[in-house]
Every structure is written in structure tokens, then in C-alpha cells.
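Q: So here's my_file_2.cif, just mmCIF, C-alpha atoms and all ligand atoms:
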data_my_file
loop_
_atom_site.group_PDB
_atom_site.id
_atom_site.type_symbol
_atom_site.label_atom_id
_atom_site.label_comp_id
_atom_site.auth_asym_id
_atom_site.auth_seq_id
_atom_site.Cartn_x
_atom_site.Cartn_y
_atom_site.Cartn_z
ATOM 1 C CA MET A 1 13.505 -26.943 95.382
ATOM 2 C CA GLY A 2 15.984 -25.930 92.691
ATOM 3 C CA SER A 3 18.441 -23.956 94.843
ATOM 4 C CA ILE A 4 21.693 -24.691 96.636
ATOM 5 C CA THR A 5 22.108 -23.308 100.138
ATOM 6 C CA TRP A 6 25.135 -21.062 100.520
ATOM 7 C CA GLY A 7 27.390 -22.451 103.248
ATOM 8 C CA ARG A 8 29.242 -20.915 106.134
ATOM 9 C CA GLU A 9 32.561 -20.608 104.303
ATOM 10 C CA ILE A 10 31.231 -18.492 101.427
ATOM 11 C CA ALA A 11 29.016 -16.479 103.798
ATOM 12 C CA GLU A 12 32.046 -15.509 105.861
ATOM 13 C CA VAL A 13 33.966 -14.182 102.856
ATOM 14 C CA TYR A 14 31.081 -12.798 100.757
ATOM 15 C CA ASP A 15 31.547 -9.133 101.663
ATOM 16 C CA THR A 16 35.342 -9.294 101.255
ATOM 17 C CA THR A 17 35.246 -11.202 98.002
ATOM 18 C CA TRP A 18 32.665 -8.984 96.397
ATOM 19 C CA ALA A 19 33.885 -5.788 98.090
ATOM 20 C CA ALA A 20 33.579 -3.887 94.816
ATOM 21 C CA LYS A 21 29.812 -4.450 94.900
ATOM 22 C CA PHE A 22 29.668 -2.695 98.284
ATOM 23 C CA GLU A 23 31.326 0.500 96.999
ATOM 24 C CA PRO A 24 29.135 3.595 97.439
ATOM 25 C CA ALA A 25 29.506 4.323 93.721
ATOM 26 C CA VAL A 26 27.907 0.933 92.972
ATOM 27 C CA LEU A 27 25.285 0.945 95.708
ATOM 28 C CA GLY A 28 24.235 4.575 95.299
ATOM 29 C CA PRO A 29 22.340 4.200 91.993
ATOM 30 C CA ILE A 30 20.821 0.886 93.160
ATOM 31 C CA VAL A 31 19.453 2.393 96.335
ATOM 32 C CA ASP A 32 18.320 5.567 94.536
ATOM 33 C CA LEU A 33 16.303 3.570 92.025
ATOM 34 C CA LEU A 34 14.808 1.180 94.585
ATOM 35 C CA ALA A 35 13.952 3.953 97.048
ATOM 36 C CA GLY A 36 12.214 5.848 94.238
ATOM 37 C CA LEU A 37 10.114 2.807 93.328
ATOM 38 C CA ALA A 38 9.252 2.117 96.966
ATOM 39 C CA GLY A 39 8.075 5.732 97.265
ATOM 40 C CA GLY A 40 8.116 5.536 101.053
ATOM 41 C CA GLY A 41 6.243 2.201 101.103
ATOM 42 C CA PRO A 42 7.594 -1.115 102.371
ATOM 43 C CA ALA A 43 10.024 -3.229 100.345
ATOM 44 C CA LEU A 44 10.765 -6.951 100.285
ATOM 45 C CA GLU A 45 14.130 -8.279 99.144
ATOM 46 C CA PHE A 46 14.225 -11.834 97.871
ATOM 47 C CA ALA A 47 17.601 -13.456 98.720
ATOM 48 C CA VAL A 48 18.702 -10.624 100.975
ATOM 49 C CA GLY A 49 22.096 -12.231 101.632
ATOM 50 C CA THR A 50 24.360 -10.265 103.964
ATOM 51 C CA GLY A 51 22.293 -7.109 103.530
ATOM 52 C CA ARG A 52 24.429 -5.367 100.925
ATOM 53 C CA VAL A 53 21.390 -3.537 99.483
ATOM 54 C CA ALA A 54 18.854 -3.919 102.295
ATOM 55 C CA LEU A 55 20.932 -2.035 104.864
ATOM 56 C CA PRO A 56 21.501 1.154 102.848
ATOM 57 C CA LEU A 57 17.901 1.047 101.591
ATOM 58 C CA SER A 58 16.683 0.795 105.160
ATOM 59 C CA ALA A 59 18.959 3.717 106.074
ATOM 60 C CA ARG A 60 16.932 5.750 103.546
ATOM 61 C CA GLY A 61 13.857 5.223 105.690
ATOM 62 C CA ILE A 62 12.354 2.342 103.694
ATOM 63 C CA ALA A 63 10.967 -0.531 105.783
ATOM 64 C CA VAL A 64 12.779 -3.591 104.397
ATOM 65 C CA HIS A 65 11.932 -7.253 104.928
ATOM 66 C CA GLY A 66 14.285 -9.898 103.537
ATOM 67 C CA ILE A 67 13.801 -13.562 102.672
ATOM 68 C CA GLU A 68 16.998 -15.611 102.665
ATOM 69 C CA LEU A 69 17.561 -19.333 102.212
ATOM 70 C CA SER A 70 20.974 -19.521 103.888
ATOM 71 C CA PRO A 71 21.069 -19.046 107.656
ATOM 72 C CA HIS A 72 24.804 -18.422 107.277
ATOM 73 C CA MET A 73 24.271 -15.464 104.941
ATOM 74 C CA ALA A 74 21.445 -14.124 107.115
ATOM 75 C CA GLY A 75 23.648 -14.541 110.194
ATOM 76 C CA GLN A 76 26.228 -12.216 108.631
ATOM 77 C CA LEU A 77 23.506 -9.627 107.995
ATOM 78 C CA LEU A 78 22.039 -9.866 111.482
ATOM 79 C CA ALA A 79 25.460 -9.264 113.054
ATOM 80 C CA LYS A 80 25.829 -5.880 111.322
ATOM 81 C CA PRO A 81 25.029 -2.443 112.736
ATOM 82 C CA GLY A 82 21.576 -1.333 111.589
ATOM 83 C CA ALA A 83 20.321 -4.901 111.115
ATOM 84 C CA ASP A 84 17.732 -4.376 113.838
ATOM 85 C CA THR A 85 15.783 -2.235 111.339
ATOM 86 C CA ILE A 86 15.421 -5.142 108.902
ATOM 87 C CA ARG A 87 13.094 -8.114 109.298
ATOM 88 C CA VAL A 88 14.648 -11.336 108.036
ATOM 89 C CA THR A 89 12.812 -14.571 107.338
ATOM 90 C CA ILE A 90 14.757 -17.737 106.603
ATOM 91 C CA GLY A 91 13.009 -19.346 103.675
ATOM 92 C CA ASP A 92 12.872 -20.090 99.984
ATOM 93 C CA MET A 93 11.816 -17.210 97.759
ATOM 94 C CA THR A 94 9.895 -19.632 95.543
ATOM 95 C CA THR A 95 7.407 -20.412 98.303
ATOM 96 C CA THR A 96 7.923 -18.411 101.501
ATOM 97 C CA ARG A 97 5.215 -15.867 102.318
ATOM 98 C CA VAL A 98 5.836 -13.131 104.834
ATOM 99 C CA PRO A 99 3.158 -10.927 106.405
ATOM 100 C CA GLY A 100 2.194 -7.719 104.688
ATOM 101 C CA ILE A 101 1.711 -6.244 101.248
ATOM 102 C CA PHE A 102 4.629 -4.429 99.662
ATOM 103 C CA ARG A 103 5.087 -1.663 97.128
ATOM 104 C CA LEU A 104 8.388 -3.090 95.950
ATOM 105 C CA VAL A 105 9.882 -6.578 95.689
ATOM 106 C CA TYR A 106 13.423 -6.789 94.355
ATOM 107 C CA LEU A 107 15.833 -9.570 93.437
ATOM 108 C CA VAL A 108 19.315 -8.404 92.475
ATOM 109 C CA ALA A 109 22.839 -9.675 91.783
ATOM 110 C CA ASN A 110 21.779 -12.353 89.251
ATOM 111 C CA THR A 111 20.065 -14.332 91.995
ATOM 112 C CA ILE A 112 17.026 -15.434 89.995
ATOM 113 C CA MET A 113 19.562 -17.730 88.315
ATOM 114 C CA ASN A 114 20.294 -19.486 91.621
ATOM 115 C CA VAL A 115 16.873 -21.067 91.144
ATOM 116 C CA THR A 116 17.701 -23.812 88.711
ATOM 117 C CA THR A 117 14.420 -24.861 87.095
ATOM 118 C CA GLN A 118 12.028 -22.901 84.915
ATOM 119 C CA ASP A 119 9.089 -23.893 87.141
ATOM 120 C CA ASP A 120 10.856 -22.556 90.217
ATOM 121 C CA GLN A 121 11.849 -19.318 88.486
ATOM 122 C CA LEU A 122 8.203 -18.904 87.542
ATOM 123 C CA ALA A 123 7.313 -19.552 91.196
ATOM 124 C CA VAL A 124 9.611 -16.656 92.171
ATOM 125 C CA PHE A 125 7.564 -14.343 89.938
ATOM 126 C CA ALA A 126 4.306 -15.712 91.359
ATOM 127 C CA ASN A 127 5.599 -15.207 94.901
ATOM 128 C CA ALA A 128 6.614 -11.635 94.096
ATOM 129 C CA ALA A 129 3.126 -10.985 92.724
ATOM 130 C CA ALA A 130 1.560 -12.433 95.875
ATOM 131 C CA HIS A 131 3.453 -9.925 98.041
ATOM 132 C CA LEU A 132 2.786 -6.804 95.931
ATOM 133 C CA GLU A 133 0.031 -4.240 95.929
ATOM 134 C CA PRO A 134 -1.544 -3.533 92.512
ATOM 135 C CA GLY A 135 0.770 -1.184 90.639
ATOM 136 C CA GLY A 136 3.714 -2.302 92.772
ATOM 137 C CA SER A 137 7.078 -3.116 91.208
ATOM 138 C CA PHE A 138 9.133 -6.277 90.938
ATOM 139 C CA VAL A 139 12.742 -5.415 90.047
ATOM 140 C CA VAL A 140 15.047 -8.097 88.682
ATOM 141 C CA GLU A 141 18.744 -7.502 88.042
ATOM 142 C CA VAL A 142 20.254 -10.319 86.039
ATOM 143 C CA LEU A 143 22.954 -10.777 83.445
ATOM 144 C CA VAL A 144 22.259 -11.543 79.818
ATOM 145 C CA PRO A 145 23.624 -15.039 79.039
ATOM 146 C CA GLN A 146 27.051 -14.794 77.463
ATOM 147 C CA LEU A 147 27.125 -18.015 75.451
ATOM 148 C CA ARG A 148 28.752 -16.189 72.562
ATOM 149 C CA ARG A 149 31.848 -15.627 74.719
ATOM 150 C CA VAL A 150 32.578 -19.376 74.637
ATOM 151 C CA PRO A 151 34.821 -20.281 71.696
ATOM 152 C CA PRO A 152 33.451 -23.020 69.399
ATOM 153 C CA GLY A 153 34.309 -26.468 70.766
ATOM 154 C CA GLU A 154 35.128 -25.158 74.265
ATOM 155 C CA ALA A 155 33.097 -25.810 77.431
ATOM 156 C CA GLY A 156 33.483 -22.450 79.100
ATOM 157 C CA TRP A 157 35.282 -19.135 79.441
ATOM 158 C CA VAL A 158 37.265 -17.215 82.029
ATOM 159 C CA PHE A 159 35.165 -14.266 83.186
ATOM 160 C CA THR A 160 37.440 -13.061 85.983
ATOM 161 C CA LEU A 161 41.230 -13.266 86.036
ATOM 162 C CA ASP A 162 42.541 -11.235 88.956
ATOM 163 C CA PRO A 163 45.517 -12.125 91.197
ATOM 164 C CA ASP A 164 43.106 -12.973 94.043
ATOM 165 C CA HIS A 165 40.098 -14.225 92.091
ATOM 166 C CA VAL A 166 39.752 -16.572 89.140
ATOM 167 C CA GLY A 167 36.263 -17.199 87.795
ATOM 168 C CA ILE A 168 35.302 -19.721 85.123
ATOM 169 C CA GLU A 169 31.841 -20.248 83.695
ATOM 170 C CA THR A 170 30.974 -23.535 82.012
ATOM 171 C CA PHE A 171 27.841 -24.160 79.980
ATOM 172 C CA ASP A 172 27.040 -27.726 80.968
ATOM 173 C CA ASP A 173 23.475 -28.223 79.755
ATOM 174 C CA THR A 174 22.305 -25.803 77.110
ATOM 175 C CA ALA A 175 18.962 -27.619 76.739
ATOM 176 C CA GLY A 176 18.177 -27.081 80.429
ATOM 177 C CA GLN A 177 19.926 -23.655 80.418
ATOM 178 C CA ILE A 178 22.228 -24.833 83.209
ATOM 179 C CA ALA A 179 25.687 -23.338 83.604
ATOM 180 C CA TRP A 180 28.157 -23.534 86.483
ATOM 181 C CA SER A 181 30.090 -20.669 87.934
ATOM 182 C CA HIS A 182 33.427 -21.693 89.489
ATOM 183 C CA HIS A 183 35.404 -19.340 91.719
ATOM 184 C CA TRP A 184 38.844 -19.638 93.292
ATOM 185 C CA ILE A 185 39.238 -16.725 95.691
ATOM 186 C CA GLU A 186 42.101 -15.779 97.960
ATOM 187 C CA VAL A 187 40.820 -14.343 101.229
ATOM 188 C CA ASP A 188 43.218 -13.446 104.056
ATOM 189 C CA GLY A 189 45.906 -15.691 102.612
ATOM 190 C CA ARG A 190 43.735 -18.777 102.129
ATOM 191 C CA LEU A 191 42.090 -20.147 99.009
ATOM 192 C CA VAL A 192 38.306 -20.383 99.019
ATOM 193 C CA ARG A 193 36.602 -22.445 96.335
ATOM 194 C CA HIS A 194 32.971 -21.767 95.432
ATOM 195 C CA SER A 195 31.127 -23.523 92.629
ATOM 196 C CA ALA A 196 27.420 -23.450 91.994
ATOM 197 C CA PRO A 197 25.029 -24.249 89.180
ATOM 198 C CA TYR A 198 22.593 -21.694 87.913
ATOM 199 C CA ARG A 199 19.869 -21.503 85.335
ATOM 200 C CA TYR A 200 20.474 -18.684 82.891
ATOM 201 C CA VAL A 201 17.411 -16.944 81.587
ATOM 202 C CA TRP A 202 16.789 -14.777 78.541
ATOM 203 C CA PRO A 203 15.113 -11.356 78.721
ATOM 204 C CA SER A 204 12.201 -12.589 76.597
ATOM 205 C CA GLU A 205 11.703 -15.553 78.932
ATOM 206 C CA LEU A 206 11.592 -13.228 81.942
ATOM 207 C CA ASP A 207 8.942 -11.167 80.177
ATOM 208 C CA LEU A 208 6.850 -14.266 79.538
ATOM 209 C CA MET A 209 7.163 -15.357 83.182
ATOM 210 C CA ALA A 210 6.051 -11.854 84.147
ATOM 211 C CA ARG A 211 3.064 -11.997 81.815
ATOM 212 C CA ILE A 212 2.002 -15.421 83.134
ATOM 213 C CA THR A 213 2.100 -14.204 86.749
ATOM 214 C CA GLY A 214 0.226 -10.919 86.380
ATOM 215 C CA PHE A 215 2.942 -8.409 85.519
ATOM 216 C CA ARG A 216 3.805 -6.254 82.538
ATOM 217 C CA VAL A 217 7.268 -4.994 81.655
ATOM 218 C CA ARG A 218 7.480 -1.383 82.730
ATOM 219 C CA ASP A 219 11.170 -0.667 82.138
ATOM 220 C CA ARG A 220 14.322 -2.463 81.140
ATOM 221 C CA TRP A 221 17.708 -0.804 81.454
ATOM 222 C CA ALA A 222 21.256 -2.014 80.857
ATOM 223 C CA GLY A 223 22.182 -1.057 84.432
ATOM 224 C CA TRP A 224 21.219 0.862 87.528
ATOM 225 C CA ASP A 225 22.231 4.117 85.803
ATOM 226 C CA ARG A 226 19.206 3.568 83.517
ATOM 227 C CA ALA A 227 21.335 3.301 80.378
ATOM 228 C CA PRO A 228 19.229 2.020 77.464
ATOM 229 C CA PHE A 229 19.026 -1.755 77.117
ATOM 230 C CA ALA A 230 20.208 -2.915 73.681
ATOM 231 C CA SER A 231 21.263 -6.061 71.825
ATOM 232 C CA GLY A 232 24.821 -5.853 73.143
ATOM 233 C CA SER A 233 23.866 -5.267 76.795
ATOM 234 C CA GLN A 234 25.493 -7.770 79.130
ATOM 235 C CA SER A 235 23.157 -7.157 82.050
ATOM 236 C CA GLN A 236 19.722 -5.775 82.727
ATOM 237 C CA VAL A 237 17.631 -4.134 85.380
ATOM 238 C CA ALA A 238 14.036 -5.022 84.561
ATOM 239 C CA VAL A 239 11.040 -3.464 86.282
ATOM 240 C CA PHE A 240 7.800 -5.424 86.137
ATOM 241 C CA GLY A 241 4.589 -3.696 87.176
ATOM 242 C CA ARG A 242 1.952 -5.680 89.072
ATOM 243 C CA LEU A 243 -1.360 -5.514 87.234
ATOM 244 C CA PRO A 244 -4.483 -4.604 89.266
HETATM 245 C C1 LIG A 301 24.654 -13.414 95.045
HETATM 246 S S1 LIG A 301 23.963 -13.524 96.663
HETATM 247 C C2 LIG A 301 23.046 -12.005 96.653
HETATM 248 C C3 LIG A 301 22.798 -11.477 98.034
HETATM 249 C C4 LIG A 301 22.259 -10.054 98.092
HETATM 250 N N1 LIG A 301 20.964 -9.940 97.447
HETATM 251 C C5 LIG A 301 23.235 -9.071 97.457
HETATM 252 O O1 LIG A 301 22.839 -8.363 96.539
HETATM 253 O O2 LIG A 301 24.384 -9.008 97.899
HETATM 254 C C6 LIG A 301 22.740 -14.772 96.432
HETATM 255 C C7 LIG A 301 21.919 -15.096 97.672
HETATM 256 O O3 LIG A 301 20.741 -15.803 97.268
HETATM 257 C C8 LIG A 301 20.406 -16.722 98.276
HETATM 258 N N2 LIG A 301 19.468 -17.687 97.694
HETATM 259 C C9 LIG A 301 19.722 -18.601 96.724
HETATM 260 N N3 LIG A 301 18.603 -19.284 96.423
HETATM 261 C C10 LIG A 301 17.606 -18.785 97.224
HETATM 262 C C11 LIG A 301 16.227 -19.089 97.379
HETATM 263 N N4 LIG A 301 15.629 -20.042 96.643
HETATM 264 N N5 LIG A 301 15.512 -18.378 98.288
HETATM 265 C C12 LIG A 301 16.104 -17.415 99.042
HETATM 266 N N6 LIG A 301 17.415 -17.107 98.941
HETATM 267 C C13 LIG A 301 18.169 -17.768 98.042
HETATM 268 C C14 LIG A 301 21.761 -17.261 98.671
HETATM 269 O O4 LIG A 301 21.728 -17.937 99.912
HETATM 270 C C15 LIG A 301 22.600 -15.991 98.700
HETATM 271 O O5 LIG A 301 22.535 -15.382 99.955
#
Translate this structure into C-alpha cells?
A:
Amino acid sequence: MGSITWGREIAEVYDTTWAAKFEPAVLGPIVDLLAGLAGGGPALEFAVGTGRVALPLSARGIAVHGIELSPHMAGQLLAKPGADTIRVTIGDMTTTRVPGIFRLVYLVANTIMNVTTQDDQLAVFANAAAHLEPGGSFVVEVLVPQLRRVPPGEAGWVFTLDPDHVGIETFDDTAGQIAWSHHWIEVDGRLVRHSAPYRYVWPSELDLMARITGFRVRDRWAGWDRAPFASGSQSQVAVFGRLP
């Protein structure tokens, strides 16, 4: 398995550290788009984490099931109000099957990159296909690799430089498309360190994985506001349609 399990320490500070991602202005367009694609049918979130997206989507009346590798992250979700409406299965999104057929499977917040081999990323697509009804949607939100931000001769770049959060990305293995994301975060007066490898993936490679596993690209936007995706886009929201 090409994934690292998120530990208790990062699980406990996830919502505080990434508080900006929980803002209604951020979550609103995400939930609008996902609820529209679900169309009243059931949805499955791969890597549901602490329920940032699953909880407000469920509050819209969508039945949400989540698969999550880290019991610590899932534990945070299950302790929240409204969590009783969400089914959570501890497992690996590359292989774990849950009962039912879904109209929507979604994988947000760059998390396809937490799966660190091409074979395993392909397995994520295959697992999404296995859970979807024909015509159903697999939504992937993932950044566009920013190798051009690294100055020639340097190993990495600083992507966040806030008083309470420093983030450095290093490109350690460009042949294997492996980078590391290093965070130093101040939470309640203490310093939390979180480093993890990820496998960055190009839009064209995602499209090929989709094609191999029975999808076709239906839409690709630069963000949840459905801005057009273009050469300079730094992120993407891709919608893959499950072929009959
Ligand atoms: C950046 S968080 C995203 C959580 C949530 N989707 C959100 O939007 O806030 C990444 C999550 O992916 C989970 N994860 C990483 N690899 C996984 C895998 N192979 N299967 C299931 N979950 C995984 C981690 O445990 C962590 O909870």
C-alpha cells in the first residue's frame, strides 16, 4: 500500500490548522457542486478525514458514506454533531469496497497524491468505478504540480510563510513523481511538525487513468467556482463520468 496513515497528533489539529478550508465561503461551492452531481442519490467520499465536506453534504440531504485510512482522523469526524448521519468505513481507498452503488464518488483536497505509486493511484480510479452506477461521477480535486516554482539548482520552495504555519515542498524524486510536503504549524502555543510524501500527478495522466478504468473526462475546472481550466491553472476539479 502506497499511503502513510495520518497519526493522532495531526488528526487532533487538522481542523484548526486548515481552518480556512472550513470557511463557508470555501465549502459552499464544493457542496453545491457535489450535491448537484449526486442529484439526490448516495455519495461516497474517499479519504473522508474529519468530515469537512461530508458533514455539510450530508446536511443537504445526501446520504454520504466515507472511507478513511486513519482511525484518528475518522475518530475526529465521529465525535462531531451530525456524524450519526454518515457511515464511515476504516479502510484503504485503493482496495476497500463498501456496500451499495453510488451516483457520486469524490476525492478532494489533493488526496489522490497521498497514494504514492502510479499503480495504487490507478487502483483508486478502479475502486471508484466499482462503486459507481453507469453515468455516475468521480470528482477529483488536485493541484497541478508546481515544479516550475523551484528555482534551478534548488530542491524545493516555500509555499506557505505565515506566522503560525511554514510549509516547504521538496521535489525528491522527479522520475517517480515523488515530492514531500513539510509543515511546521503552531497550534495552541505548541509546534506541530507534519511531513509526508506524495505522488504528484499531471492532468493528462489522470485522464489516462480514467480512460483505463472505464471513465471519460466530463469536465475540468480550475476550481469549485467552475472557472475555466487553462495552462496557468494551479489546481483542478476534474469530473470523470462512468461509462455504461
Ligand atoms: C488532506 S486530508 C483530506 C480529508 C478530507 N477529505 C478533507 O477534505 O478535509 C487527507 C486524508 O486522506 C486520508 N488517506 C490517505 N491515504 C488514504 C488511503 N489510501 N485510503 C483512505 N484514506 C486515505 C488521510 O488519512 C487523511 O485523512
Q: Counting all atoms listed in the file, what is within 12 Å of region 165-169 of chain A, bar same-chain residues fewer than 4 positions away, as an mmCIF file with C-alpha atoms, keeping the file's coordinate frame?
A:
data_model
loop_
_atom_site.group_PDB
_atom_site.id
_atom_site.type_symbol
_atom_site.label_atom_id
_atom_site.label_comp_id
_atom_site.auth_asym_id
_atom_site.auth_seq_id
_atom_site.Cartn_x
_atom_site.Cartn_y
_atom_site.Cartn_z
ATOM 1 C CA THR A 16 35.342 -9.294 101.255
ATOM 2 C CA THR A 17 35.246 -11.202 98.002
ATOM 3 C CA TRP A 18 32.665 -8.984 96.397
ATOM 4 C CA PRO A 145 23.624 -15.039 79.039
ATOM 5 C CA GLN A 146 27.051 -14.794 77.463
ATOM 6 C CA LEU A 147 27.125 -18.015 75.451
ATOM 7 C CA ARG A 149 31.848 -15.627 74.719
ATOM 8 C CA VAL A 150 32.578 -19.376 74.637
ATOM 9 C CA GLU A 154 35.128 -25.158 74.265
ATOM 10 C CA ALA A 155 33.097 -25.810 77.431
ATOM 11 C CA GLY A 156 33.483 -22.450 79.100
ATOM 12 C CA TRP A 157 35.282 -19.135 79.441
ATOM 13 C CA VAL A 158 37.265 -17.215 82.029
ATOM 14 C CA PHE A 159 35.165 -14.266 83.186
ATOM 15 C CA THR A 160 37.440 -13.061 85.983
ATOM 16 C CA LEU A 161 41.230 -13.266 86.036
ATOM 17 C CA ILE A 178 22.228 -24.833 83.209
ATOM 18 C CA ALA A 179 25.687 -23.338 83.604
ATOM 19 C CA TRP A 180 28.157 -23.534 86.483
ATOM 20 C CA SER A 181 30.090 -20.669 87.934
ATOM 21 C CA HIS A 182 33.427 -21.693 89.489
ATOM 22 C CA HIS A 183 35.404 -19.340 91.719
ATOM 23 C CA TRP A 184 38.844 -19.638 93.292
ATOM 24 C CA ILE A 185 39.238 -16.725 95.691
ATOM 25 C CA GLU A 186 42.101 -15.779 97.960
ATOM 26 C CA VAL A 187 40.820 -14.343 101.229
ATOM 27 C CA ARG A 190 43.735 -18.777 102.129
ATOM 28 C CA LEU A 191 42.090 -20.147 99.009
ATOM 29 C CA VAL A 192 38.306 -20.383 99.019
ATOM 30 C CA ARG A 193 36.602 -22.445 96.335
ATOM 31 C CA HIS A 194 32.971 -21.767 95.432
ATOM 32 C CA SER A 195 31.127 -23.523 92.629
ATOM 33 C CA ALA A 196 27.420 -23.450 91.994
ATOM 34 C CA PRO A 197 25.029 -24.249 89.180
ATOM 35 C CA TYR A 198 22.593 -21.694 87.913
ATOM 36 C CA TYR A 200 20.474 -18.684 82.891
#
Q: How far is it from CA of Val108 (chain A) to CA of Gly135 (chain A), in Å with one decimal?
A: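 CA of Val108 (chain A) sits 20.0 Å away from CA of Gly135 (chain A).
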Q: Measuring between only C-alpha atoms, which one of A:Thr116, A:Asp84, A:Ile30, A:Gly100 shows the shortest distance to Gly223 (chain A)?
A: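 Among the listed residues, the smallest separation from Gly223 (chain A) belongs to A:Ile30.
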Q: What residues have any atom no more than 7 Å from ligand LIG 301 (chain A) when counting only C-alpha atoms and all ligand atoms, and can you list them as a PyMOL selection string?
A: chain A and resi 3-6+46-53+67-70+73+91-94+107-111+114-115
Q: Record the distance separating CA of Asp173 (chain A) and CA of Val201 (chain A), expressed in Å with one decimal.
A: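 These two atoms are separated by 12.9 Å.
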Q: Figure out the distance between CA of Ala222 (chain A) and CA of Tyr14 (chain A), please, to one decimal in Å.
A: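 Here the two named atoms are 24.7 Å from each other.
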Q: Please identify all polymer residues within 9 Å of Val105 (chain A), counting only C-alpha atoms, omitting same-chain residues fewer than 5 positions from it, and present them as a list in words.
A: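 Contacts, in chain order: Ala38, Pro42, Ala43, Leu44, Glu45, Phe46, Ala128, Ala129, His131, Leu132, Gly136, Ser137, Phe138, Val139 and Val140 of chain A.
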Q: Nearest residue to Trp224 (chain A) out of A:Met113, A:Ile101, A:Val31, A:Ala123, using only C-alpha atoms?
A: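 Distance minimum relative to Trp224 (chain A) lands on A:Val31.
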Q: Looking at A:Ala126, A:Val64, A:Leu104, A:Val13, which one is nearest to Leu34 (chain A), with distances taken over only C-alpha atoms?
A: A:Leu104
Q: Need the axis-aligned box for region 101-120 of chain A with 8 Å each side, so what are the centre and edges in Å to one decimal, as JSON?
A:
{"center_x": 12.3, "center_y": -13.3, "center_z": 93.1, "size_x": 37.1, "size_y": 39.2, "size_z": 32.3}
Q: Any chance you could resolve the PyMOL selection byres (((chain A and resi 237) around 6) and not hetatm) against this file and give the residues as a PDB file with C-alpha atoms, in the coordinates of the input?
A:
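Saved result, result_28.pdb, follows:
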ATOM      1  CA  VAL A 140      15.047  -8.097  88.682  1.00  0.00           C
ATOM      2  CA  GLU A 141      18.744  -7.502  88.042  1.00  0.00           C
ATOM      3  CA  ARG A 220      14.322  -2.463  81.140  1.00  0.00           C
ATOM      4  CA  TRP A 221      17.708  -0.804  81.454  1.00  0.00           C
ATOM      5  CA  GLY A 223      22.182  -1.057  84.432  1.00  0.00           C
ATOM      6  CA  GLN A 236      19.722  -5.775  82.727  1.00  0.00           C
ATOM      7  CA  ALA A 238      14.036  -5.022  84.561  1.00  0.00           C
TER       8      ALA A 238
END
Q: Out of A:Gly214, A:Arg60, A:Ala130, A:Arg148, which residue has the shortest atom-to-atom distance to Thr85 (chain A) when counting all atoms listed in the file?
A: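 Among the listed residues, the smallest separation from Thr85 (chain A) belongs to A:Arg60.
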Q: Between A:Gly232, A:Arg199, A:Gly189, A:Gly36, single out the one closest to Gly176 (chain A), counting all atoms listed in the file.
A: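 Distance minimum relative to Gly176 (chain A) lands on A:Arg199.
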Q: Could you list, as a PDB file with C-alpha atoms, in the frame of the given file, every residue within 8 Å of Pro203 (chain A), counting all atoms listed in the file and ignoring same-chain residues fewer than 3 positions away?
A:
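Result went into around37.pdb, see below:
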ATOM      1  CA  VAL A 144      22.259 -11.543  79.818  1.00  0.00           C
ATOM      2  CA  LEU A 206      11.592 -13.228  81.942  1.00  0.00           C
ATOM      3  CA  ASP A 207       8.942 -11.167  80.177  1.00  0.00           C
TER       4      ASP A 207
END
Q: When the PyMOL selection byres (((chain A and resi 243) around 8) and not hetatm) is applied to the structure above, which residues does it catch, written out as a ChimeraX atom specification?
A: /A:134-135,214-216,241-242,244
Q: Which residue gives the smallest distance to Arg97 (chain A) among A:Ala19, A:Lys80, A:Asn127, A:Asp120, with only C-alpha atoms counted?
A: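 Looking only at the distances to Arg97 (chain A), the closest residue turns out to be A:Asn127.
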